[in-house]
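Report on the following structure.
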Amino acid sequence: MRQNPARRAALLDAAIEVLAREGARGLTFRAVDVEAQVPNGTASNYFDNRDDMLTQIGYRFYERLEPDPGMLAAGLEGPRDRAKVTQLMHDLVDRISRFRSGYLALLELRLEATRRPELRRLLTERIRADVDANIRYHTEAGLPGDATTVILLYLALNWLIVERLTLPDVFPEDRIHDLVTDVVERILPGPGQSA
C-alpha cells in the first residue's frame with residue numbers, strides 16, 4: 001500500500017468529486033484515477049478495496065470541512081447572544097454550502113452506510129463527535145441555549161442545506177439567509193419570548 005500523503009489526499013479529493021457527481025455506483029478506482037488525472041491503477045495502490053476508499057472519503061470530508069482555529073476564535077468575539085448564534089449559523093451554512101461536492105458525497109456515504117457496517121460505524125462516531133464538540137463549544141463559549149438548542153439547530157440547518165444543495169428551487173437562494181435567521185429565532189427565542 002502506497003504511503004504518499006499528498007497523493008492519497010488528491011485521490012480522496014477526486015473520489016469526493018466522483019461520488020458527488022456519479023453517486024456510489026459510479027465510484028470506481030478507474031473513475032478516481034481519471035478525475036485525479038493520474039495513471040490507471042494508481043487508486044488501487046492506495047486503497048485496499050472500495051470499502052476502504054469509502055471509509056477514507058468519510059475521514060477526508062471532515063478533514064476538509066474542519067474550520068480553522070481563527071474562525072472559531074473570531075466567532076467568540078463580541079457579545080454572546082442570539083445575534084452571535086445567528087451569525088455563527090450563517091457562517092456554518094455558507095461554509096458547508098461552498099463545499100457542495102463534499103456535502104453531496106457525504107449524503108452518498110450516508111446511504112452507503114446503511115449497507116456497510118464499517119462505514120456506518122465511522123460516520124456514527126464522527127457525526128456524534130461533531131455534535132458533542134458543537135455542544136461543548138456552544139456551552140463553554142457561554143452562548144445562549146443548551147445542548148438541545150444545538151441539536152435542534154443541527155437537525156434543522158442540515159435539512160436546509162440538503163434542500164439548498166439538492167433541490168435549490170424549493171427555496172430560492174435569496175430566501176436562504178432569512179430562513180437561517182428564522183430557524184435560530186424560533187429555536188432560540190429572545191429575552192421575554194417563548195419557543
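Quick note on naming: the chains in the C-alpha cells go A, B, ... in the order shown, residues restart at 1 in each chain, and ligands are numbered from 1 in order of appearance.
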### Message
Neighbouring residues of Val184 of chain A were defined as those with any atom within 9 Å, considering only C-alpha atoms; residues of the same chain fewer than 3 positions away were excluded. Please report them as a list in words.
### Response
Arg82, Ala83, Val85, Thr86, Met89, Leu153, Leu179, Val180, Thr181, Ile187, Leu188 and Pro189 of chain A
### Atomic distance atom CA of Thr148 of chain A - atom CA of Gly58 of chain A, expressed in Å with one decimal
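Here the two named atoms are 25.9 Å from each other.
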## Note on the structure
Using only C-alpha atoms, the best pick from A:Leu88, A:Arg50, A:Arg121, A:Ala6 as closest to Leu76 of chain A would be A:Leu88
### Task
Point out the residue among A:Leu19, A:Lys84, A:Gly142, A:Ile151 with the least atom-to-atom distance to Ile127 of chain A, counting only C-alpha atoms.
A:Ile151
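Distance annotation: of A:Leu165, A:Ala141, A:Ala133, A:Val18, the residue with the minimal separation from Glu66 of chain A is A:Ala133; atom set is only C-alpha atoms.
Nearest to Leu122 of chain A of all the residues A:Leu155, A:Ile96, A:Ile135, A:Leu54 is A:Leu54, counting only C-alpha atoms.
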### atom CA of Arg186 of chain A to atom CA of Gly145 of chain A, distance in Å rounded to a single decimal
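Between atom CA of Arg186 of chain A and atom CA of Gly145 of chain A the gap works out to 12.0 Å.
Proximity to segment 112-119 of chain A at 12 Å, evaluated using only C-alpha atoms and with sequence-adjacent residues fewer than 2 positions away removed, yields Leu19, Gly23, Ala24, Arg25, Leu27, Arg50, Asp51, Asp52, Met53, Leu54, Thr55, Gln56, Ile57, Gly58, Tyr59, Ala105, Leu106, Leu107, Glu108, Leu109, Arg110, Arg121, Leu122, Leu123, Thr124, Glu125, Arg126 and Ile127 of chain A.
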Same residues, C-alpha atoms, output as a tab-separated table (two decimals), in the first residue's frame:
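Final output, out_32.tsv:
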chain	number	residue	atom	x	y	z
A	19	LEU	CA	-19.04	10.33	-5.57
A	23	GLY	CA	-23.11	8.53	-6.98
A	24	ALA	CA	-21.86	5.41	-5.26
A	25	ARG	CA	-22.32	3.25	-8.35
A	27	LEU	CA	-17.25	5.42	-7.73
A	50	ARG	CA	-13.83	0.05	-2.42
A	51	ASP	CA	-14.97	-0.13	1.22
A	52	ASP	CA	-11.58	1.18	2.31
A	53	MET	CA	-11.88	4.05	-0.16
A	54	LEU	CA	-15.42	4.91	1.04
A	55	THR	CA	-14.25	4.94	4.66
A	56	GLN	CA	-11.28	7.16	3.85
A	57	ILE	CA	-13.54	9.53	1.90
A	58	GLY	CA	-15.50	9.96	5.14
A	59	TYR	CA	-12.36	10.96	7.01
A	105	ALA	CA	-20.62	12.95	-1.26
A	106	LEU	CA	-21.47	12.77	2.44
A	107	LEU	CA	-25.12	12.14	1.55
A	108	GLU	CA	-23.98	9.29	-0.70
A	109	LEU	CA	-21.80	7.96	2.13
A	110	ARG	CA	-24.77	8.05	4.49
A	121	ARG	CA	-19.56	2.91	12.47
A	122	LEU	CA	-17.19	5.59	11.13
A	123	LEU	CA	-19.95	8.06	10.25
A	124	THR	CA	-21.84	7.46	13.50
A	125	GLU	CA	-18.70	8.04	15.59
A	126	ARG	CA	-17.64	11.09	13.59
A	127	ILE	CA	-21.03	12.78	13.46
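Relative to atom CA of Phe61 of chain A, atom CA of Tyr137 of chain A is found at 20.8 Å.
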Quick one: contact table of segment 17-67 of chain A to segment 129-132 of chain A, 12 Å max, nearest atom pair and distance in Å to one decimal per residue, counting only C-alpha atoms, chain and number order, as CSV?
residue,atom,partner,partner_atom,distance
A:Tyr62,CA,A:Asp130,CA,9.5
A:Glu63,CA,A:Asp130,CA,11.9
A:Leu65,CA,A:Asp130,CA,11.3
A:Glu66,CA,A:Asp130,CA,10.0
A:Pro67,CA,A:Asp130,CA,11.8
Write the residues of the preceding selection, restricted to C-alpha atoms, as a PDB file, in the first residue's frame.
ATOM      1  CA  TYR A  62     -14.365  16.039   7.702  1.00  0.00           C
ATOM      2  CA  GLU A  63     -10.712  16.971   7.378  1.00  0.00           C
ATOM      3  CA  LEU A  65     -14.618  20.844   6.396  1.00  0.00           C
ATOM      4  CA  GLU A  66     -12.876  21.484   9.715  1.00  0.00           C
ATOM      5  CA  PRO A  67     -12.985  25.218  10.500  1.00  0.00           C
TER       6      PRO A  67
END
### Message
Please return, as number ranges by chain, all residues of segment 14-84 of chain A that DSSP assigns to alpha helix (DSSP H) on the basis of the backbone.
### Response
A: 14-22, 29-36, 50-65, 69-74, 82-84
### Message
Nearest residue to Leu143 of chain A out of A:Arg80, A:Arg128, A:Arg98, A:Arg175, using only C-alpha atoms?
### Response
A:Arg80
### Message
Excluding Gln37 of chain A and its own-chain neighbours fewer than 6 positions away, which residues fall within 12 Å of it when counting only C-alpha atoms? Please give them as a PyMOL selection string.
### Response
chain A and resi 7+10-11+13-15+30-31+43
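Using only C-alpha atoms, the nearest neighbour of Asp91 of chain A within the list A:Leu72, A:Leu104, A:Val183, A:Arg164 is A:Leu72.
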